[in-house]
$ cat upload_34.txt   # compact mmCIF, C-alpha atoms
# COMPACT_ATOMS: atom_id res chain seq x y z
CA MET A 1 84.15 153.34 150.86
CA LYS A 2 81.34 153.07 153.38
CA LYS A 3 78.94 150.19 152.71
CA THR A 4 75.31 151.00 152.13
CA PRO A 5 73.27 149.46 154.99
CA MET A 6 70.72 146.81 154.07
CA THR A 7 67.09 147.81 154.15
CA ALA A 8 64.60 145.87 156.26
CA GLN A 9 63.06 144.54 153.05
CA ALA A 10 66.44 143.26 151.80
CA LYS A 11 67.09 141.59 155.16
CA ASP A 12 63.71 139.84 155.13
CA LEU A 13 64.30 138.72 151.54
CA LEU A 14 67.66 137.19 152.51
CA ILE A 15 66.02 135.33 155.41
CA ALA A 16 63.30 134.03 153.07
CA GLN A 17 65.91 132.82 150.56
CA ALA A 18 67.73 130.97 153.34
CA ALA A 19 64.48 129.35 154.51
CA GLU A 20 63.87 127.99 151.01
CA HIS A 21 67.06 125.96 151.41
CA GLY A 22 66.27 124.69 154.92
CA ILE A 23 68.39 127.33 156.68
CA THR A 24 66.70 129.03 159.63
CA VAL A 25 67.79 132.62 160.25
CA GLU A 26 66.35 135.25 162.55
CA ARG A 27 67.26 138.91 162.85
CA THR A 28 67.08 141.91 165.08
CA SER A 29 67.26 145.45 163.82
CA LYS A 30 71.05 145.13 163.60
CA ASP A 31 72.13 141.46 163.55
CA PHE A 32 71.36 138.11 161.93
CA PHE A 33 71.30 134.83 163.91
CA LEU A 34 71.60 131.28 162.54
CA LEU A 35 69.51 128.68 164.39
CA THR A 36 70.94 125.14 164.44
CA SER A 37 69.89 122.37 166.86
CA GLY A 38 68.60 124.88 169.37
CA GLU A 39 71.75 127.03 169.22
CA ARG A 40 71.73 130.69 168.16
CA GLN A 41 74.85 131.93 166.34
CA ARG A 42 75.45 135.46 165.07
CA VAL A 43 76.23 135.53 161.34
CA THR A 44 76.81 138.16 158.66
CA PRO A 45 74.81 138.60 155.44
CA GLY A 46 77.86 137.34 153.54
CA GLN A 47 77.94 134.14 155.59
CA ILE A 48 74.22 133.59 154.98
CA LYS A 49 74.74 133.99 151.23
CA GLY A 50 77.58 131.46 151.48
CA PHE A 51 75.29 128.97 153.26
CA ILE A 52 72.68 129.44 150.52
CA ALA A 53 75.27 128.86 147.78
CA GLN A 54 76.46 125.70 149.54
CA ALA A 55 72.89 124.41 149.86
CA GLU A 56 72.27 125.07 146.17
CA GLU A 57 75.42 123.17 145.25
CA LEU A 58 74.41 120.23 147.46
CA ALA A 59 70.97 120.22 145.87
CA ARG A 60 72.56 120.15 142.42
CA LEU A 61 74.78 117.21 143.38
CA GLU A 62 71.78 115.42 144.88
CA ALA A 63 69.83 115.88 141.64
CA GLU A 64 72.75 114.47 139.66
CA GLU A 65 73.02 111.47 141.99
CA ARG A 66 69.30 110.76 141.70
CA ALA A 67 69.44 111.03 137.91
CA GLU A 68 72.37 108.60 137.80
CA ALA A 69 70.59 106.20 140.17
CA LEU A 70 67.41 106.28 138.07
CA ALA A 71 69.44 105.67 134.91
CA LEU A 72 71.12 102.66 136.54
CA ALA A 73 67.74 101.32 137.73
CA ASP A 74 66.35 101.71 134.20
CA GLU A 75 69.36 99.85 132.82
CA LEU A 76 68.87 96.97 135.26
CA ARG A 77 65.14 96.82 134.54
CA GLY A 78 65.94 96.87 130.82
CA GLN A 79 68.19 93.85 131.26
CA SER A 80 65.36 92.01 133.04
CA VAL A 81 62.93 92.86 130.23
CA GLU A 82 65.41 91.63 127.61
CA GLU A 83 65.85 88.33 129.49
CA GLU A 84 62.07 87.90 129.73
CA ALA A 85 61.71 88.65 126.00
CA VAL A 86 64.23 85.91 125.17
CA VAL A 87 62.24 83.41 127.24
CA GLU A 88 58.95 84.42 125.58
CA GLU A 89 60.52 84.21 122.13
CA ALA A 90 61.80 80.72 122.86
CA GLU A 91 58.34 79.67 124.01
CA ALA A 92 56.75 81.11 120.87
CA GLU A 93 59.14 79.19 118.63
CA SER A 94 58.53 75.86 120.35
CA VAL A 95 56.71 73.34 118.11
CA THR A 96 53.90 71.17 119.47
CA VAL A 97 54.05 67.67 117.97
CA GLU A 98 50.62 66.11 117.47
CA ALA A 99 50.33 62.58 118.80
CA PRO A 100 48.90 59.82 116.52
CA GLN A 101 45.10 59.64 116.66
CA ALA A 102 45.24 56.08 117.90
CA GLU A 103 47.06 57.19 121.03
CA PRO A 104 45.94 59.72 123.63
CA ALA A 105 47.63 63.08 123.32
CA PRO A 106 50.30 63.64 125.97
CA ALA A 107 49.38 66.03 128.73
CA ALA A 108 50.72 69.52 128.24
CA PRO A 109 53.64 70.30 130.56
CA VAL A 110 52.75 72.46 133.53
CA GLN A 111 54.51 75.79 133.27
CA ALA A 112 55.39 77.77 136.35
CA ALA A 113 53.45 81.00 136.66
CA LYS A 114 55.51 84.04 135.84
CA PRO A 115 55.97 86.46 138.74
CA SER A 116 53.88 89.59 138.48
CA LYS A 117 55.76 92.69 137.47
CA ILE A 118 56.60 95.12 140.26
CA VAL A 119 57.57 98.77 140.14
CA VAL A 120 60.87 99.32 141.94
CA GLN A 121 60.93 102.81 143.44
CA TRP A 122 64.20 102.52 145.38
CA GLY A 123 66.22 105.51 144.23
CA PRO A 124 69.81 104.39 144.97
CA PRO A 125 71.38 101.56 142.93
CA CYS A 126 69.62 98.18 143.29
CA GLY A 127 69.06 95.02 141.26
CA GLY A 128 67.85 91.44 141.10
CA ASP A 129 64.52 90.10 142.30
CA LEU A 130 63.08 92.62 144.78
CA SER A 131 59.44 91.54 144.44
CA ALA A 132 59.14 90.55 148.12
CA VAL A 133 61.08 93.52 149.53
CA ALA A 134 58.63 96.15 150.80
CA ALA A 135 61.26 98.89 150.97
CA ALA A 136 62.06 98.47 147.28
CA THR A 137 58.51 99.30 146.18
CA SER A 138 57.90 102.08 148.72
CA PRO A 139 57.57 105.61 147.28
CA GLU A 140 59.62 106.75 150.29
CA GLY A 141 62.53 104.67 149.00
CA ASP A 142 63.18 107.23 146.27
CA ASN A 143 65.65 109.28 148.34
CA PRO A 144 66.60 107.40 151.56
CA ILE A 145 69.21 107.56 154.26
CA VAL A 146 69.46 104.48 156.52
CA HIS A 147 70.35 104.86 160.21
CA LEU A 148 72.36 102.13 161.92
CA SER A 149 73.17 101.57 165.58
CA TRP A 150 76.48 99.99 164.57
CA THR A 151 79.15 100.36 161.88
CA PRO A 152 79.10 97.43 159.42
CA ALA A 153 82.32 95.55 158.76
CA THR A 154 81.98 96.29 155.04
CA THR A 155 81.16 99.82 153.90
CA TYR A 156 81.71 101.78 150.68
CA ARG A 157 82.93 105.30 150.02
CA ASN A 158 80.33 106.17 147.39
CA LYS A 159 77.34 104.78 145.51
CA GLN A 160 79.48 103.68 142.55
CA GLU A 161 81.50 101.34 144.77
CA ALA A 162 78.29 100.09 146.40
CA ALA A 163 76.64 99.46 143.01
CA GLU A 164 79.62 97.44 141.77
CA ALA A 165 79.60 95.38 144.97
CA GLY A 166 75.86 94.72 144.59
CA LYS A 167 76.30 93.51 141.02
CA ARG A 168 79.04 91.11 142.15
CA LEU A 169 76.76 89.66 144.84
CA GLY A 170 74.09 88.62 142.36
CA GLY A 171 70.51 87.99 143.40
CA GLY A 172 68.47 90.82 144.87
CA TRP A 173 70.26 93.75 146.52
CA LEU A 174 69.78 97.35 147.65
CA ALA A 175 72.46 100.02 148.09
CA SER A 176 71.95 103.07 150.29
CA LEU A 177 73.65 105.97 152.00
CA ALA A 178 73.82 105.18 155.72
CA GLN A 179 74.83 106.84 158.98
CA ASP A 180 75.95 105.15 162.19
CA ALA A 181 75.33 106.21 165.79
CA ASP A 182 78.49 108.36 165.77
CA GLY A 183 77.27 110.39 162.79
CA LYS A 184 79.69 108.80 160.32
CA GLN A 185 78.23 108.40 156.82
CA PHE A 186 79.06 105.71 154.25
CA TRP A 187 77.34 103.46 151.69
CA ILE A 188 76.05 99.95 152.39
CA VAL A 189 74.69 97.05 150.34
CA VAL A 190 71.83 94.98 151.77
CA ARG A 191 71.17 91.71 149.97
CA VAL A 192 68.01 89.62 149.75
CA GLY A 193 68.24 86.45 151.85
CA ARG A 194 66.90 82.95 151.19
CA ASP A 195 63.46 83.61 152.66
CA PRO A 196 61.05 85.91 150.79
CA GLY A 197 61.48 89.50 151.93
CA GLN A 198 64.46 88.69 154.16
CA LEU A 199 67.32 91.20 154.05
CA VAL A 200 70.89 90.54 155.13
CA LEU A 201 73.63 93.00 156.15
CA ASP A 202 77.02 91.85 157.38
CA GLY A 203 75.71 88.28 157.41
CA GLU A 204 72.91 89.19 159.83
CA ALA A 205 69.18 89.37 159.06
CA VAL A 206 67.89 92.95 159.25
CA ARG A 207 64.63 94.80 158.71
CA LEU A 208 64.43 98.12 156.86
CA GLU A 209 61.79 100.32 158.44
CA LEU A 210 60.60 103.78 157.35
CA LEU A 211 60.58 106.29 160.19
CA THR A 212 57.61 108.65 160.44
CA GLY A 213 56.29 111.43 162.63
CA GLN A 214 58.27 112.48 165.70
CA GLU A 215 60.60 109.51 165.39
CA ALA A 216 61.58 110.58 161.87
CA GLU A 217 62.14 114.16 163.09
CA ALA A 218 64.35 112.88 165.92
CA TYR A 219 66.59 111.00 163.49
CA ARG A 220 66.49 113.90 161.02
CA GLY A 221 68.03 115.99 163.78
CA LYS A 222 71.02 113.60 163.83
CA VAL A 223 72.07 114.42 160.25
CA SER A 224 73.74 117.63 159.15
CA GLY A 225 72.84 119.74 156.13
CA ALA A 226 69.60 120.41 154.33
CA ARG A 227 70.50 117.84 151.67
CA PHE A 228 70.45 114.96 154.14
CA LYS A 229 67.59 116.28 156.29
CA SER A 230 65.36 116.27 153.19
CA LYS A 231 65.88 112.53 152.69
CA ALA A 232 63.38 109.92 153.87
CA GLN A 233 64.68 108.62 157.18
CA TRP A 234 64.95 104.80 157.39
CA ILE A 235 66.41 102.52 160.05
CA ALA A 236 67.97 99.07 159.76
CA GLN A 237 67.40 96.85 162.78
CA ALA A 238 68.53 93.31 163.51
CA VAL A 239 65.71 90.79 163.32

$ encode --input "upload_34.txt" --output "structure tokens"
Amino acid sequence: MKKTPMTAQAKDLLIAQAAEHGITVERTSKDFFLLTSGERQRVTPGQIKGFIAQAEELARLEAEERAEALALADELRGQSVEEEAVVEEAEAESVTVEAPQAEPAPAAPVQAAKPSKIVVQWGPPCGGDLSAVAAATSPEGDNPIVHLSWTPATTYRNKQEAAEAGKRLGGGWLASLAQDADGKQFWIVVRVGRDPGQLVLDGEAVRLELLTGQEAEAYRGKVSGARFKSKAQWIAQAV
């Protein structure tokens, strides 16, 4: 059976659907062309529909990952709140003994000021005291990918492995999807060092920096797939 040719309206609709998922397609009167990194490749309508389905599946997986990460962050924050509540309850139950009137009352003990509460916006798994870590409270930390110029000695296959490793470290820590200079992707765990705001990866002090403007676009061009291009582009550099 002969296939019914697509109308111009149907072709334009297919191109618009692809664009919604970060897929750039152009057409002539007869053919479709996929544009990737400056290259122009002829594709069929069926292939374009396949790309759209793949992008939708990646977006669904991304949404699930973000939901799981937020749930884990809520759980960790809940543990911190419970610990703080125990301390406050213990303070409330403490009894102040009045000194005899003939003697001066003892000076009240000086209590350390409680740290101000912070809102952690880092989307991937994280935990511990992150009050001095700028990346942890950045709105752009919600959905990051971290670029590295080297491959760390210790990497993880997925965020679950990275989260478990972070919990074992103790103290403050951040997990993230990362990509090295060769385009290989993996998960890393960056821990908080001894100095306020200091971050450590592979035993070396690093700085997490959000990329913006043309620099961000340049690094966005190094990742493949709409799912990863839509992430906030960060870079870890040795201090």

$ closest_residue --input "upload_34.txt" --among "A:Val43, A:Val192, A:Ile52, A:Ala218" --to "Ala19 in chain A" --atoms "all atoms listed in the file"
A:Ile52

$ closest_residue --input "upload_34.txt" --among "A:Gly141, A:Gly203, A:Gly38, A:Gly193" --to "Ile235 in chain A" --atoms "only C-alpha atoms"
A:Gly141

$ closest_residue --input "upload_34.txt" --among "A:His147, A:Arg60, A:Arg66, A:Arg40" --to "Lys159 in chain A" --atoms "all atoms listed in the file"
A:Arg66

$ residues_around --input "upload_34.txt" --residues "Arg77 in chain A" --least-positions-apart "5" --cutoff "9 Å" --atoms "only C-alpha atoms" --output "MDAnalysis selection string"
chainID A and resid 72 82 120 127:128

$ closest_residue --input "upload_34.txt" --among "A:Pro125, A:Gly225, A:Pro152, A:Pro139" --to "Glu204 in chain A" --atoms "only C-alpha atoms"
A:Pro152

$ closest_residue --input "upload_34.txt" --among "A:Ile145, A:Leu130, A:Val200, A:Leu76" --to "Leu177 in chain A" --atoms "all atoms listed in the file"
A:Ile145

$ atom_distance --input "upload_34.txt" --atom1 "CA of Gln121 in chain A" --atom2 "CA of Ser138 in chain A"
6.1 Å

$ residues_around --input "upload_34.txt" --residues "Trp150 in chain A" --least-positions-apart "6" --cutoff "12 Å" --atoms "only C-alpha atoms" --output "ChimeraX atom specification"
/A:178-185,201-202,235-238

$ atom_distance --input "upload_34.txt" --atom1 "CA of Ala132 in chain A" --atom2 "CA of Pro196 in chain A"
5.7 Å

$ closest_residue --input "upload_34.txt" --among "A:Thr4, A:Thr24, A:Gln41, A:Thr36" --to "Val223 in chain A" --atoms "all atoms listed in the file"
A:Thr36

$ atom_distance --input "upload_34.txt" --atom1 "CA of Ala16 in chain A" --atom2 "CA of Leu35 in chain A"
14.0 Å

$ axis_aligned_box --input "upload_34.txt" --around "range 211-214 of chain A" --padding-each-side "4 Å" --output "JSON"
{"center_x": 58.4, "center_y": 109.4, "center_z": 162.9, "size_x": 12.3, "size_y": 14.2, "size_z": 13.5}

$ residues_around --input "upload_34.txt" --residues "Gln160 in chain A" --least-positions-apart "5" --cutoff "12 Å" --atoms "only C-alpha atoms" --output "PyMOL selection string"
chain A and resi 65+68-69+72+124-126+165-167+175-177+186-189

$ write_last_selection --input "upload_34.txt" --atoms "C-alpha atoms" --output "tab-separated table (two decimals), in the coordinates of the input"
chain	number	residue	atom	x	y	z
A	65	GLU	CA	73.02	111.47	141.99
A	68	GLU	CA	72.37	108.60	137.80
A	69	ALA	CA	70.59	106.20	140.17
A	72	LEU	CA	71.12	102.66	136.54
A	124	PRO	CA	69.81	104.39	144.97
A	125	PRO	CA	71.38	101.56	142.93
A	126	CYS	CA	69.62	98.18	143.29
A	165	ALA	CA	79.60	95.38	144.97
A	166	GLY	CA	75.86	94.72	144.59
A	167	LYS	CA	76.30	93.51	141.02
A	175	ALA	CA	72.46	100.02	148.09
A	176	SER	CA	71.95	103.07	150.29
A	177	LEU	CA	73.65	105.97	152.00
A	186	PHE	CA	79.06	105.71	154.25
A	187	TRP	CA	77.34	103.46	151.69
A	188	ILE	CA	76.05	99.95	152.39
A	189	VAL	CA	74.69	97.05	150.34

$ residues_around --input "upload_34.txt" --residues "Thr212 in chain A" --least-positions-apart "4" --cutoff "10 Å" --atoms "only C-alpha atoms" --output "list in words"
Ala216, Glu217, Ala218, Tyr219, Ala232, Gln233 and Trp234 of chain A

$ residues_around --input "upload_34.txt" --residues "Leu34 in chain A" --least-positions-apart "6" --cutoff "12 Å" --atoms "all atoms listed in the file" --output "PyMOL selection string"
chain A and resi 15+18-19+22-28+40-45+47-48+51

$ build_atoms --input "upload_34.txt" --residues "range 194-205 of chain A" --atoms "all heavy atoms" --output "CSV table (one decimal), keeping the file's coordinate frame"
chain,number,residue,atom,x,y,z
A,194,ARG,N,67.5,84.1,151.8
A,194,ARG,CA,66.9,83.0,151.2
A,194,ARG,C,65.4,83.0,151.3
A,194,ARG,O,64.7,82.6,150.4
A,194,ARG,CB,67.4,81.7,151.9
A,194,ARG,CG,68.9,81.4,151.6
A,194,ARG,CD,69.4,80.1,152.3
A,194,ARG,NE,70.8,79.8,152.0
A,194,ARG,CZ,71.4,78.8,152.5
A,194,ARG,NH1,70.8,77.9,153.3
A,194,ARG,NH2,72.7,78.6,152.2
A,195,ASP,N,64.9,83.5,152.4
A,195,ASP,CA,63.5,83.6,152.7
A,195,ASP,C,62.9,84.8,152.0
A,195,ASP,O,63.6,85.9,151.9
A,195,ASP,CB,63.1,83.7,154.2
A,195,ASP,CG,63.6,82.4,154.9
A,195,ASP,OD1,63.6,81.4,154.2
A,195,ASP,OD2,64.0,82.5,156.1
A,196,PRO,N,61.7,84.8,151.5
A,196,PRO,CA,61.0,85.9,150.8
A,196,PRO,C,61.0,87.1,151.7
A,196,PRO,O,60.6,87.1,152.8
A,196,PRO,CB,59.6,85.4,150.5
A,196,PRO,CG,59.8,83.9,150.4
A,196,PRO,CD,60.8,83.6,151.5
A,197,GLY,N,61.5,88.3,151.2
A,197,GLY,CA,61.5,89.5,151.9
A,197,GLY,C,62.6,89.7,152.9
A,197,GLY,O,62.7,90.7,153.5
A,198,GLN,N,63.4,88.6,153.2
A,198,GLN,CA,64.5,88.7,154.2
A,198,GLN,C,65.6,89.5,153.6
A,198,GLN,O,66.0,89.4,152.4
A,198,GLN,CB,65.0,87.3,154.5
A,198,GLN,CG,66.1,87.3,155.6
A,198,GLN,CD,66.7,85.9,155.8
A,198,GLN,OE1,67.1,85.3,154.8
A,198,GLN,NE2,66.7,85.5,157.0
A,199,LEU,N,66.2,90.4,154.4
A,199,LEU,CA,67.3,91.2,154.0
A,199,LEU,C,68.5,90.9,155.0
A,199,LEU,O,68.3,90.6,156.2
A,199,LEU,CB,67.0,92.7,154.2
A,199,LEU,CG,65.9,93.2,153.2
A,199,LEU,CD1,65.6,94.6,153.5
A,199,LEU,CD2,66.3,93.0,151.8
A,200,VAL,N,69.7,90.9,154.4
A,200,VAL,CA,70.9,90.5,155.1
A,200,VAL,C,71.9,91.6,155.0
A,200,VAL,O,72.2,92.1,153.9
A,200,VAL,CB,71.5,89.2,154.6
A,200,VAL,CG1,72.7,88.8,155.4
A,200,VAL,CG2,70.4,88.1,154.8
A,201,LEU,N,72.5,92.0,156.1
A,201,LEU,CA,73.6,93.0,156.2
A,201,LEU,C,74.7,92.5,157.1
A,201,LEU,O,74.4,92.1,158.2
A,201,LEU,CB,73.1,94.4,156.6
A,201,LEU,CG,74.2,95.5,156.8
A,201,LEU,CD1,74.8,95.8,155.5
A,201,LEU,CD2,73.6,96.7,157.4
A,202,ASP,N,75.9,92.4,156.6
A,202,ASP,CA,77.0,91.8,157.4
A,202,ASP,C,76.8,90.4,157.9
A,202,ASP,O,77.1,90.0,158.9
A,202,ASP,CB,77.3,92.7,158.6
A,202,ASP,CG,78.5,93.7,158.4
A,202,ASP,OD1,79.1,93.6,157.3
A,202,ASP,OD2,78.8,94.4,159.3
A,203,GLY,N,76.0,89.7,157.1
A,203,GLY,CA,75.7,88.3,157.4
A,203,GLY,C,74.6,88.1,158.4
A,203,GLY,O,74.2,87.0,158.8
A,204,GLU,N,74.0,89.2,158.9
A,204,GLU,CA,72.9,89.2,159.8
A,204,GLU,C,71.6,89.6,159.2
A,204,GLU,O,71.6,90.6,158.4
A,204,GLU,CB,73.2,90.1,161.0
A,204,GLU,CG,74.5,89.7,161.8
A,204,GLU,CD,74.4,88.4,162.5
A,204,GLU,OE1,73.2,88.0,162.9
A,204,GLU,OE2,75.4,87.7,162.7
A,205,ALA,N,70.5,89.0,159.6
A,205,ALA,CA,69.2,89.4,159.1
A,205,ALA,C,68.8,90.7,159.7
A,205,ALA,O,68.9,90.9,160.9
A,205,ALA,CB,68.1,88.3,159.4
